[in-house]
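Peer 1: data.tsv is reproduced below (TSV, C-alpha atoms and all ligand atoms).
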chain	number	residue	atom	x	y	z
A	1	MET	CA	0.00	0.00	0.00
A	2	SER	CA	1.14	3.50	-0.72
A	3	ARG	CA	-0.56	6.86	-0.66
A	4	TYR	CA	0.85	7.41	-4.15
A	5	TRP	CA	-1.20	4.59	-5.64
A	6	SER	CA	-4.19	5.38	-7.81
A	7	ALA	CA	-7.63	4.23	-6.70
A	8	VAL	CA	-7.56	1.65	-9.51
A	9	VAL	CA	-4.39	0.04	-8.14
A	10	HIS	CA	-5.83	-0.02	-4.62
A	11	GLY	CA	-8.78	-1.97	-5.93
A	12	LEU	CA	-6.87	-4.56	-7.98
A	13	THR	CA	-6.69	-8.27	-7.19
A	14	PRO	CA	-3.88	-9.29	-9.55
A	15	TYR	CA	-3.60	-12.69	-11.22
A	16	VAL	CA	-1.19	-15.07	-9.53
A	17	PRO	CA	0.73	-17.06	-12.14
A	18	GLY	CA	1.84	-20.62	-11.44
A	19	GLU	CA	5.22	-20.86	-9.76
A	20	GLN	CA	8.32	-20.59	-11.97
A	21	PRO	CA	10.77	-22.24	-9.59
A	22	LYS	CA	14.41	-21.24	-9.42
A	23	LEU	CA	15.40	-24.85	-8.65
A	24	THR	CA	16.02	-26.68	-11.92
A	25	LYS	CA	15.74	-30.21	-10.54
A	26	LEU	CA	11.99	-30.05	-9.94
A	27	VAL	CA	9.57	-32.02	-12.12
A	28	LYS	CA	7.57	-29.04	-13.31
A	29	LEU	CA	3.98	-29.94	-14.17
A	30	ASN	CA	2.25	-26.77	-12.96
A	31	THR	CA	1.90	-24.23	-15.79
A	32	ASN	CA	0.97	-26.21	-18.91
A	33	GLU	CA	4.14	-25.57	-20.82
A	34	ASN	CA	5.11	-28.05	-23.51
A	35	PRO	CA	7.60	-30.60	-22.14
A	36	TYR	CA	9.44	-30.68	-25.47
A	37	GLY	CA	11.49	-27.90	-27.00
A	38	PRO	CA	10.42	-25.71	-29.90
A	39	SER	CA	11.23	-26.55	-33.52
A	40	PRO	CA	14.96	-26.36	-34.36
A	41	ARG	CA	13.90	-23.97	-37.13
A	42	VAL	CA	12.64	-21.57	-34.45
A	43	LEU	CA	16.00	-21.60	-32.71
A	44	ASP	CA	17.79	-20.92	-36.00
A	45	ALA	CA	15.43	-18.07	-36.85
A	46	VAL	CA	15.83	-16.46	-33.43
A	47	ARG	CA	19.64	-16.78	-33.59
A	48	ALA	CA	19.62	-15.17	-37.04
A	49	GLU	CA	17.82	-12.15	-35.56
A	50	VAL	CA	20.54	-11.54	-32.98
A	51	ALA	CA	22.23	-8.95	-35.14
A	52	ASP	CA	22.94	-5.26	-35.54
A	53	THR	CA	19.31	-4.78	-36.64
A	54	LEU	CA	18.30	-5.06	-32.97
A	55	ARG	CA	18.99	-1.33	-32.77
A	56	LEU	CA	15.92	-0.82	-34.97
A	57	TYR	CA	12.32	-1.10	-33.83
A	58	PRO	CA	10.52	-4.21	-35.04
A	59	ASP	CA	7.66	-4.18	-37.55
A	60	PRO	CA	4.79	-2.72	-35.45
A	61	GLY	CA	2.18	-4.77	-37.31
A	62	SER	CA	4.15	-8.08	-37.43
A	63	ASP	CA	2.99	-8.28	-41.04
A	64	ARG	CA	4.90	-11.38	-42.12
A	65	LEU	CA	3.75	-13.29	-39.08
A	66	CYS	CA	0.13	-12.18	-39.55
A	67	ALA	CA	0.26	-13.28	-43.19
A	68	ALA	CA	1.58	-16.72	-42.20
A	69	ILE	CA	-1.11	-17.12	-39.51
A	70	ALA	CA	-3.76	-16.01	-42.02
A	71	ALA	CA	-2.53	-18.56	-44.57
A	72	LEU	CA	-2.53	-21.30	-41.92
A	73	HIS	CA	-6.15	-20.64	-41.02
A	74	GLY	CA	-7.44	-19.71	-44.47
A	75	VAL	CA	-8.41	-16.15	-43.48
A	76	ALA	CA	-7.32	-12.69	-44.69
A	77	ALA	CA	-4.37	-10.95	-43.00
A	78	GLU	CA	-6.70	-8.17	-41.76
A	79	GLN	CA	-8.53	-10.85	-39.77
A	80	VAL	CA	-5.44	-11.55	-37.65
A	81	PHE	CA	-4.12	-9.69	-34.62
A	82	VAL	CA	-0.94	-10.68	-32.77
A	83	GLY	CA	0.18	-9.76	-29.28
A	84	ASN	CA	2.70	-10.39	-26.53
A	85	GLY	CA	1.16	-13.70	-25.44
A	86	SER	CA	-2.54	-14.36	-25.68
A	87	ASP	CA	-2.86	-12.74	-22.25
A	88	GLU	CA	-2.12	-9.41	-23.89
A	89	VAL	CA	-4.47	-10.17	-26.78
A	90	LEU	CA	-7.18	-11.01	-24.25
A	91	ALA	CA	-6.51	-7.89	-22.21
A	92	HIS	CA	-6.93	-5.73	-25.32
A	93	ALA	CA	-10.10	-7.64	-26.24
A	94	PHE	CA	-11.62	-6.99	-22.82
A	95	VAL	CA	-11.30	-3.24	-23.16
A	96	ALA	CA	-11.92	-3.13	-26.92
A	97	LEU	CA	-14.89	-5.47	-27.19
A	98	LEU	CA	-16.28	-6.46	-23.79
A	99	LYS	CA	-16.54	-3.15	-21.94
A	100	HIS	CA	-20.22	-2.19	-22.21
A	101	GLU	CA	-23.12	-1.36	-19.92
A	102	ARG	CA	-24.19	-4.94	-19.41
A	103	PRO	CA	-22.13	-7.51	-17.48
A	104	ILE	CA	-20.11	-10.02	-19.44
A	105	LEU	CA	-20.60	-13.73	-18.81
A	106	PHE	CA	-18.04	-16.45	-18.20
A	107	PRO	CA	-18.03	-19.78	-16.33
A	108	ASP	CA	-17.56	-19.86	-12.55
A	109	ILE	CA	-14.68	-22.27	-13.11
A	110	SER	CA	-12.51	-20.87	-15.86
A	111	TYR	CA	-9.30	-19.01	-16.63
A	112	SER	CA	-8.70	-16.94	-13.52
A	113	PHE	CA	-7.30	-14.00	-15.48
A	114	TYR	CA	-10.78	-13.02	-16.76
A	115	PRO	CA	-12.02	-11.47	-13.49
A	116	VAL	CA	-8.64	-9.73	-13.16
A	117	TYR	CA	-9.10	-7.95	-16.51
A	118	CYS	CA	-12.61	-7.02	-15.41
A	119	GLY	CA	-11.13	-5.47	-12.27
A	120	LEU	CA	-8.50	-3.56	-14.21
A	121	TYR	CA	-10.90	-2.20	-16.83
A	122	GLU	CA	-13.92	-1.89	-14.53
A	123	ILE	CA	-16.07	-4.31	-16.47
A	124	ALA	CA	-19.06	-5.85	-14.70
A	125	TYR	CA	-19.27	-9.63	-14.94
A	126	ARG	CA	-21.45	-12.57	-13.96
A	127	GLN	CA	-20.09	-16.07	-13.50
A	128	ILE	CA	-22.25	-18.87	-14.83
A	129	PRO	CA	-21.93	-22.17	-12.91
A	130	LEU	CA	-20.65	-25.16	-14.84
A	131	THR	CA	-22.84	-28.28	-14.58
A	132	ASP	CA	-22.08	-30.91	-11.93
A	133	ALA	CA	-19.99	-32.67	-14.58
A	134	PHE	CA	-18.00	-29.42	-15.08
A	135	GLU	CA	-19.51	-28.76	-18.50
A	136	ILE	CA	-20.51	-25.48	-20.11
A	137	ARG	CA	-24.25	-25.45	-20.90
A	138	VAL	CA	-24.76	-22.86	-23.64
A	139	GLY	CA	-28.43	-22.39	-22.74
A	140	ASP	CA	-27.21	-20.73	-19.51
A	141	TYR	CA	-25.64	-17.89	-21.53
A	142	ARG	CA	-28.88	-16.56	-22.97
A	143	SER	CA	-29.39	-13.55	-20.71
A	144	PRO	CA	-28.67	-10.06	-22.11
A	145	ASN	CA	-24.93	-9.50	-21.74
A	146	GLY	CA	-21.99	-7.31	-22.68
A	147	GLY	CA	-20.17	-10.30	-24.12
A	148	VAL	CA	-19.28	-13.92	-23.40
A	149	ILE	CA	-15.85	-15.46	-22.98
A	150	PHE	CA	-14.56	-18.90	-22.10
A	151	PRO	CA	-11.64	-21.16	-22.96
A	152	ASN	CA	-12.36	-24.14	-25.17
A	153	PRO	CA	-11.27	-26.60	-23.97
A	154	ASN	CA	-11.97	-25.00	-20.64
A	155	ALA	CA	-9.22	-24.41	-18.10
A	156	PRO	CA	-8.58	-25.83	-15.59
A	157	THR	CA	-11.05	-28.63	-16.31
A	158	GLY	CA	-9.78	-29.60	-19.78
A	159	ARG	CA	-13.36	-30.27	-20.92
A	160	LEU	CA	-14.20	-29.50	-24.54
A	161	LEU	CA	-17.40	-27.90	-25.82
A	162	ALA	CA	-18.39	-29.33	-29.21
A	163	LEU	CA	-18.45	-26.94	-32.16
A	164	PRO	CA	-22.23	-27.24	-32.82
A	165	GLU	CA	-22.77	-25.98	-29.26
A	166	ILE	CA	-20.59	-22.93	-29.95
A	167	GLU	CA	-22.62	-22.31	-33.07
A	168	ARG	CA	-25.81	-22.54	-31.03
A	169	LEU	CA	-24.38	-19.97	-28.62
A	170	LEU	CA	-23.49	-17.65	-31.51
A	171	ASP	CA	-26.96	-18.03	-33.08
A	172	GLY	CA	-28.61	-17.13	-29.77
A	173	ASN	CA	-26.28	-14.20	-29.03
A	174	PRO	CA	-25.91	-12.00	-32.11
A	175	ASP	CA	-25.63	-8.63	-30.31
A	176	SER	CA	-22.47	-8.95	-28.26
A	177	VAL	CA	-19.00	-10.35	-28.82
A	178	ILE	CA	-18.24	-13.98	-28.04
A	179	ILE	CA	-14.58	-14.77	-27.41
A	180	ILE	CA	-13.47	-18.38	-27.60
A	181	ASP	CA	-10.07	-18.69	-25.95
A	182	GLU	CA	-8.45	-21.61	-27.77
A	183	ALA	CA	-5.22	-21.74	-25.78
A	184	TYR	CA	-5.42	-25.56	-25.71
A	185	ILE	CA	-7.43	-26.39	-28.85
A	186	ASP	CA	-4.52	-28.04	-30.69
A	187	PHE	CA	-4.52	-31.02	-28.34
A	188	GLY	CA	-7.51	-32.70	-29.96
A	189	GLY	CA	-10.28	-30.09	-30.18
A	190	GLU	CA	-12.05	-28.64	-33.20
A	191	SER	CA	-11.39	-24.93	-33.68
A	192	ALA	CA	-14.10	-22.29	-34.02
A	193	VAL	CA	-11.95	-20.34	-36.50
A	194	GLY	CA	-13.99	-21.83	-39.37
A	195	LEU	CA	-17.06	-20.00	-37.99
A	196	VAL	CA	-15.48	-16.54	-38.17
A	197	ALA	CA	-16.64	-15.91	-41.75
A	198	ARG	CA	-20.29	-16.42	-40.76
A	199	TYR	CA	-20.37	-14.76	-37.35
A	200	PRO	CA	-19.37	-11.07	-37.11
A	201	GLN	CA	-19.41	-11.24	-33.29
A	202	LEU	CA	-16.91	-14.12	-32.95
A	203	LEU	CA	-13.30	-13.62	-31.87
A	204	VAL	CA	-11.04	-16.65	-31.43
A	205	THR	CA	-7.79	-16.32	-29.48
A	206	ARG	CA	-4.79	-18.62	-29.71
A	207	THR	CA	-1.34	-18.95	-28.20
A	208	LEU	CA	2.01	-20.35	-29.28
A	209	SER	CA	2.84	-20.98	-25.61
A	210	LYS	CA	1.43	-24.49	-25.39
A	211	SER	CA	1.22	-26.43	-28.65
A	212	HIS	CA	4.19	-24.63	-30.24
A	213	ALA	CA	6.36	-24.98	-27.11
A	214	LEU	CA	7.05	-21.24	-27.08
A	215	ALA	CA	5.82	-19.99	-23.69
A	216	GLY	CA	9.12	-18.13	-23.29
A	217	LEU	CA	8.72	-16.18	-26.54
A	218	ARG	CA	5.33	-14.65	-25.62
A	219	VAL	CA	3.25	-14.77	-28.80
A	220	GLY	CA	-0.51	-15.05	-29.04
A	221	TYR	CA	-3.03	-14.07	-31.66
A	222	ALA	CA	-6.70	-13.50	-32.39
A	223	ILE	CA	-8.80	-14.23	-35.44
A	224	GLY	CA	-12.05	-12.45	-36.18
A	225	GLN	CA	-13.70	-10.32	-38.80
A	226	ALA	CA	-11.78	-7.17	-39.75
A	227	HIS	CA	-14.00	-4.82	-37.72
A	228	LEU	CA	-13.16	-6.69	-34.49
A	229	ILE	CA	-9.46	-6.82	-35.35
A	230	GLU	CA	-9.48	-3.08	-36.00
A	231	ALA	CA	-10.76	-2.52	-32.45
A	232	LEU	CA	-7.85	-4.56	-31.06
A	233	LYS	CA	-5.37	-2.59	-33.18
A	234	ARG	CA	-6.81	0.67	-31.90
A	235	VAL	CA	-6.18	-0.45	-28.31
A	236	LYS	CA	-2.71	-1.82	-29.13
A	237	ASP	CA	-1.71	1.47	-30.73
A	238	SER	CA	-2.94	3.31	-27.66
A	239	PHE	CA	-0.81	1.12	-25.40
A	240	ASN	CA	2.35	-0.29	-27.04
A	241	SER	CA	2.92	-0.12	-30.79
A	242	TYR	CA	5.63	-2.81	-30.74
A	243	PRO	CA	4.29	-5.71	-28.65
A	244	LEU	CA	6.34	-8.35	-30.49
A	245	ASP	CA	10.07	-7.82	-30.63
A	246	ARG	CA	12.24	-8.93	-33.56
A	247	LEU	CA	13.16	-12.27	-31.97
A	248	ALA	CA	9.53	-13.10	-31.21
A	249	GLN	CA	8.34	-12.26	-34.71
A	250	ALA	CA	11.08	-14.36	-36.34
A	251	GLY	CA	10.67	-17.31	-33.99
A	252	ALA	CA	6.89	-17.35	-34.21
A	253	LEU	CA	6.99	-17.20	-38.01
A	254	ALA	CA	9.40	-20.16	-38.16
A	255	SER	CA	7.18	-22.12	-35.79
A	256	ILE	CA	4.00	-21.47	-37.80
A	257	GLU	CA	5.85	-22.55	-40.94
A	258	ASP	CA	7.17	-25.81	-39.43
A	259	HIS	CA	3.81	-27.52	-39.37
A	260	ALA	CA	5.21	-31.07	-39.34
A	261	TYR	CA	7.14	-30.38	-36.12
A	262	PHE	CA	4.08	-28.76	-34.52
A	263	GLU	CA	1.95	-31.81	-35.35
A	264	SER	CA	4.54	-34.19	-33.93
A	265	LEU	CA	4.51	-32.23	-30.65
A	266	CYS	CA	0.72	-32.41	-30.37
A	267	THR	CA	0.66	-36.13	-31.17
A	268	ARG	CA	3.24	-36.91	-28.49
A	269	VAL	CA	1.47	-34.85	-25.84
A	270	MET	CA	-1.90	-36.45	-26.63
A	271	ALA	CA	-0.42	-39.97	-26.41
A	272	SER	CA	1.19	-39.15	-23.05
A	273	ARG	CA	-2.06	-37.63	-21.80
A	274	ALA	CA	-3.88	-40.91	-22.48
A	275	ARG	CA	-1.21	-42.89	-20.60
A	276	LEU	CA	-1.23	-40.50	-17.64
A	277	ALA	CA	-5.03	-40.43	-17.40
A	278	SER	CA	-5.43	-44.18	-17.48
A	279	ALA	CA	-2.61	-44.82	-14.97
A	280	MET	CA	-4.17	-42.31	-12.56
A	281	ALA	CA	-7.64	-43.79	-13.05
A	282	GLU	CA	-6.18	-47.18	-12.08
A	283	MET	CA	-4.98	-45.62	-8.82
A	284	GLY	CA	-8.53	-44.58	-8.02
A	285	PHE	CA	-8.41	-40.99	-9.27
A	286	GLU	CA	-11.44	-39.49	-10.99
A	287	VAL	CA	-9.91	-37.92	-14.11
A	288	LEU	CA	-12.06	-35.52	-16.13
A	289	PRO	CA	-11.96	-36.13	-19.89
A	290	SER	CA	-9.31	-33.73	-21.18
A	291	THR	CA	-8.70	-32.23	-24.61
A	292	ALA	CA	-5.87	-30.08	-23.28
A	293	ASN	CA	-2.20	-30.62	-22.41
A	294	PHE	CA	-3.14	-31.15	-18.77
A	295	ILE	CA	-5.50	-33.29	-16.79
A	296	PHE	CA	-7.76	-32.37	-13.91
A	297	ALA	CA	-8.17	-35.12	-11.35
A	298	GLN	CA	-9.30	-35.81	-7.79
A	299	HIS	CA	-8.86	-38.75	-5.46
A	300	PRO	CA	-11.80	-39.91	-3.28
A	301	SER	CA	-9.70	-40.13	-0.12
A	302	HIS	CA	-7.01	-37.49	-0.58
A	303	ASP	CA	-7.46	-33.75	-0.49
A	304	GLY	CA	-6.05	-31.73	-3.40
A	305	ALA	CA	-3.95	-29.38	-1.25
A	306	GLU	CA	-2.50	-32.30	0.71
A	307	LEU	CA	-1.65	-34.18	-2.52
A	308	ALA	CA	0.03	-31.11	-4.02
A	309	ALA	CA	2.09	-30.60	-0.85
A	310	SER	CA	3.13	-34.27	-0.74
A	311	LEU	CA	4.18	-34.12	-4.39
A	312	ARG	CA	6.14	-30.96	-3.71
A	313	GLU	CA	8.06	-32.76	-0.93
A	314	ARG	CA	9.04	-35.23	-3.65
A	315	SER	CA	10.19	-32.36	-5.93
A	316	ILE	CA	7.15	-32.52	-8.22
A	317	ILE	CA	5.05	-29.39	-8.69
A	318	VAL	CA	1.47	-29.42	-9.96
A	319	ARG	CA	-1.24	-26.74	-9.76
A	320	HIS	CA	-3.85	-26.67	-7.03
A	321	PHE	CA	-6.67	-24.09	-6.85
A	322	LYS	CA	-8.22	-23.36	-3.44
A	323	ASN	CA	-11.13	-21.53	-5.04
A	324	PRO	CA	-13.89	-22.09	-5.89
A	325	ALA	CA	-14.43	-24.76	-3.22
A	326	ARG	CA	-15.87	-27.16	-5.79
A	327	ILE	CA	-12.45	-27.63	-7.39
A	328	ALA	CA	-10.37	-27.64	-4.20
A	329	PRO	CA	-10.18	-31.48	-4.21
A	330	PHE	CA	-8.63	-31.44	-7.70
A	331	LEU	CA	-5.11	-31.21	-9.06
A	332	ARG	CA	-4.28	-29.80	-12.46
A	333	ILE	CA	-1.35	-31.73	-13.85
A	334	THR	CA	0.48	-30.73	-17.03
A	335	VAL	CA	1.30	-33.58	-19.39
A	336	GLY	CA	5.06	-33.99	-19.18
A	337	THR	CA	7.71	-36.14	-20.84
A	338	ASP	CA	7.58	-39.92	-20.36
A	339	ALA	CA	10.21	-39.65	-17.63
A	340	GLN	CA	8.31	-36.88	-15.82
A	341	ILE	CA	5.08	-38.87	-15.97
A	342	ASP	CA	6.87	-41.94	-14.63
A	343	ALA	CA	8.23	-39.91	-11.72
A	344	LEU	CA	4.79	-38.48	-11.00
A	345	LEU	CA	3.12	-41.89	-11.08
A	346	VAL	CA	5.70	-43.41	-8.72
A	347	ALA	CA	5.19	-40.51	-6.29
A	348	LEU	CA	1.39	-40.64	-6.47
A	349	LYS	CA	1.38	-44.39	-5.88
A	350	ALA	CA	3.50	-43.91	-2.76
A	351	ILE	CA	1.21	-41.13	-1.50
A	352	VAL	CA	-2.20	-42.70	-2.13
A	353	ASN	CA	-1.19	-46.17	-0.90
A	354	CYS	CA	0.22	-45.05	2.44
B	401	LIG	C1	-7.09	-20.46	-20.90
B	401	LIG	C2	-5.84	-19.70	-21.12
B	401	LIG	N1	-5.88	-18.63	-21.92
B	401	LIG	C3	-4.78	-17.89	-22.14
B	401	LIG	C4	-3.58	-18.20	-21.55
B	401	LIG	C5	-2.41	-17.28	-21.77
B	401	LIG	O1	-1.45	-17.82	-22.56
B	401	LIG	P1	-0.23	-16.94	-23.09
B	401	LIG	O2	-0.33	-15.57	-22.51
B	401	LIG	O3	0.98	-17.67	-22.66
B	401	LIG	O4	-0.40	-16.92	-24.58
B	401	LIG	C6	-3.50	-19.30	-20.71
B	401	LIG	C7	-2.21	-19.64	-20.06
B	401	LIG	O5	-2.05	-20.49	-19.26
B	401	LIG	C8	-4.66	-20.07	-20.48
B	401	LIG	O6	-4.64	-21.12	-19.66
As structure tokens, please, write out the structure in this file.

Peer 2:
Amino acid sequence: MSRYWSAVVHGLTPYVPGEQPKLTKLVKLNTNENPYGPSPRVLDAVRAEVADTLRLYPDPGSDRLCAAIAALHGVAAEQVFVGNGSDEVLAHAFVALLKHERPILFPDISYSFYPVYCGLYEIAYRQIPLTDAFEIRVGDYRSPNGGVIFPNPNAPTGRLLALPEIERLLDGNPDSVIIIDEAYIDFGGESAVGLVARYPQLLVTRTLSKSHALAGLRVGYAIGQAHLIEALKRVKDSFNSYPLDRLAQAGALASIEDHAYFESLCTRVMASRARLASAMAEMGFEVLPSTANFIFAQHPSHDGAELAASLRERSIIVRHFKNPARIAPFLRITVGTDAQIDALLVALKAIVNC
């Protein structure tokens, strides 16, 4: 606290990111990073950018990257917006597209950054409870609203909402923006990007942090009709004209272009997810069906906080959320390498059997 703070800062409840430990020996399964490295072509492209040209500002519009993303998704370049991680893209979208008189709607169990943006930009919101099976029921999002946002698959549950349901939501909600946060869609889900041409109120956000193994580069993007993208650009150019530095633009472009490597990463993570989920189910865990690079699981006789602490004692870190109470029994566990999963399974066996 300080008397020099603005009233806005006094009122903030900032997001708390998952721990980025200083100890390197930990088995780190807490922030949904990819356990494998990025494409070798990314590393080459980034190295090639370490040059005298760093004295110059980067391209403010990241035009080459936007063109590559547009080609990948079969949309026009003016339908693409890139930012410093999808968190920044989302932040701009909140103020550009979701700040209206009416409250916005999002699930009660969802990405915990959404209420933080609402606090920062003074946007009213209403949280819609997931069903008992932790599913989004689109019929619950019918009330007049300033916008709707949720991740698909949802975080931290990993549950996917089928595309026809998203279409039903769009059909029933033509007057405000619907943002589908597809941070984890590449791990087996069907993207809503194909609906952008038909729905002027749809914005889809993506990140290279998970499926492209580039959390450290900070690149995210949005796809929507040009009028929505223009709103994001207006906010960006009122905030920071150069959100992606030269290294990020070059690395992200190389990653988008190396589609074969990207697909191999997703395939490996999905195979490991299946192995992890079935091994944990055998130990008595209830594992929610996941279409993400993490699983969400609870054990009938072990509390989530206690399990997370016991794993930590064994140098394994996973994510536990105290709130809301309904998810306190659960652990969110990032899909790791085979060796990391083996270590986790050995530790869990020791904990749940004793
Ligand atoms: C649902 C969801 N959306 C967005 C993000 C932000 O991703 P980034 O800022 O790394 O692109 C995350 C990160 O964990 C997430 O879980």

Peer 1: Using CA of Arg102 (chain A) and atom O2 of ligand LIG 401 (chain B) as the two end points, give the distance in Å to one decimal.

Peer 2: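 Distance reported for this atom pair: 26.3 Å.
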
Peer 1: Neighbours of ligand LIG 401 (chain B) within 10 Å, counting only C-alpha atoms and all ligand atoms, as a PyMOL selection string?

Peer 2: chain A and resi 17-18+30-33+83-91+110-114+150-156+158+180-185+205-210+214-221+292

Peer 1: Find, counting all atoms listed in the file, the residue in A:Pro115, A:Pro300, A:Gly336, A:Gly172 that gets nearest to Gly284 (chain A).

Peer 2: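 Nearest to Gly284 (chain A): A:Pro300.
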
Peer 1: For the point (10.2, -35.8, -5.1) in the file's frame, write as a list in words all residues with an atom no more than 10 Å away, counting all atoms listed in the file.

Peer 2: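 Residues lying no farther than 10 Å from the given point: Lys25, Leu26, Val27, Ser310, Leu311, Arg312, Glu313, Arg314, Ser315, Ile316, Ile317, Ala343, Leu344, Val346 and Ala347 of chain A.
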
Peer 1: For a test of reading the model, state the distance in Å between CA of Ala192 (chain A) and CA of Asp108 (chain A), rounded to one decimal.

Peer 2: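 About the pair CA of Ala192 (chain A) and CA of Asp108 (chain A): they are 21.9 Å apart.
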
Peer 1: Using all atoms listed in the file, can you tell me which of A:Pro35, A:Leu228, A:Pro144, A:Pro107 comes closest to Phe81 (chain A)?

Peer 2: A:Leu228

Peer 1: Here is a test: counting only C-alpha atoms, which residue of A:Leu120, A:Ile256, A:Ser6, A:His299 is nearest to Glu282 (chain A)?

Peer 2: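 Of A:Leu120, A:Ile256, A:Ser6, A:His299, the one nearest Glu282 (chain A), counting only C-alpha atoms, is A:His299.
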
Peer 1: What does the distance between CA of Val177 (chain A) and CA of Tyr121 (chain A) come to in Å, to one decimal place?

Peer 2: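 CA of Tyr121 (chain A) lies at a distance of 16.6 Å from CA of Val177 (chain A).
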
Peer 1: Quick one: everything within 7 Å of Ser272 (chain A), counting only C-alpha atoms, minus sequence neighbours fewer than 4 positions away in the same chain. Send it as a PDB file with C-alpha atoms, in the frame of the given file.

Peer 2:
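Writing the result to result.pdb gives the following:
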ATOM      1  CA  ARG A 268       3.240 -36.910 -28.490  1.00  0.00           C
ATOM      2  CA  LEU A 276      -1.230 -40.500 -17.640  1.00  0.00           C
ATOM      3  CA  VAL A 335       1.300 -33.580 -19.390  1.00  0.00           C
ATOM      4  CA  ASP A 338       7.580 -39.920 -20.360  1.00  0.00           C
TER       5      ASP A 338
END

Peer 1: Which one is closest to Ala93 (chain A): A:Lys233, A:Lys28, A:Arg47, A:His320? Count all atoms listed in the file.

Peer 2: A:Lys233

Peer 1: Of the candidates A:Ile149, A:Leu195, A:Leu307, A:Ile341, which one gets nearest to Ser176 (chain A) if we count all atoms listed in the file?

Peer 2: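 The closest residue to Ser176 (chain A) is A:Ile149.
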
Peer 1: Determine, counting only C-alpha atoms, which protein, DNA and RNA residues have an atom within 7 Å of an atom of Arg319 (chain A); residues of the same chain fewer than 3 positions away are not included. Present the result as a list of chain:residue names.

Peer 2: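 The filter keeps A:Asn30, A:Leu331, A:Arg332, A:Ile333.
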
Peer 1: Choose the residue, out of A:Leu29, A:Leu247, A:Ala77, A:Leu160, that has the smallest atom-to-atom separation from Pro289 (chain A); count all atoms listed in the file.

Peer 2: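 When distances to Pro289 (chain A) are compared using all atoms listed in the file, the smallest one comes from A:Leu160.
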
Peer 1: Just want the 12 Å neighbourhood of Ala325 (chain A), counted on only C-alpha atoms, with same-chain residues fewer than 3 positions away dropped. Output as an MDAnalysis selection string.

Peer 2: chainID A and resid 108:109 303:305 320:322 328:330

Peer 1: Using all atoms listed in the file, which protein or nucleic acid residues come within 12 Å of His73 (chain A)? Drop anything in the same chain fewer than 4 positions from it, and give the result as a PyMOL selection string.

Peer 2: chain A and resi 66-69+77+79-80+191-197+204+206+221-224+256

Peer 1: Residues around (-16.4, -3.2, -17.7), cut-off 9 Å, counting all atoms listed in the file - what are they as a list in words?

Peer 2: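 Final list of nearby residues, as requested, is Phe94, Val95, Leu98, Lys99, His100, Glu101, Arg102, Pro103, Ile104, Tyr117, Cys118, Gly119, Leu120, Tyr121, Glu122, Ile123, Ala124, Tyr125 and Gly146 of chain A.
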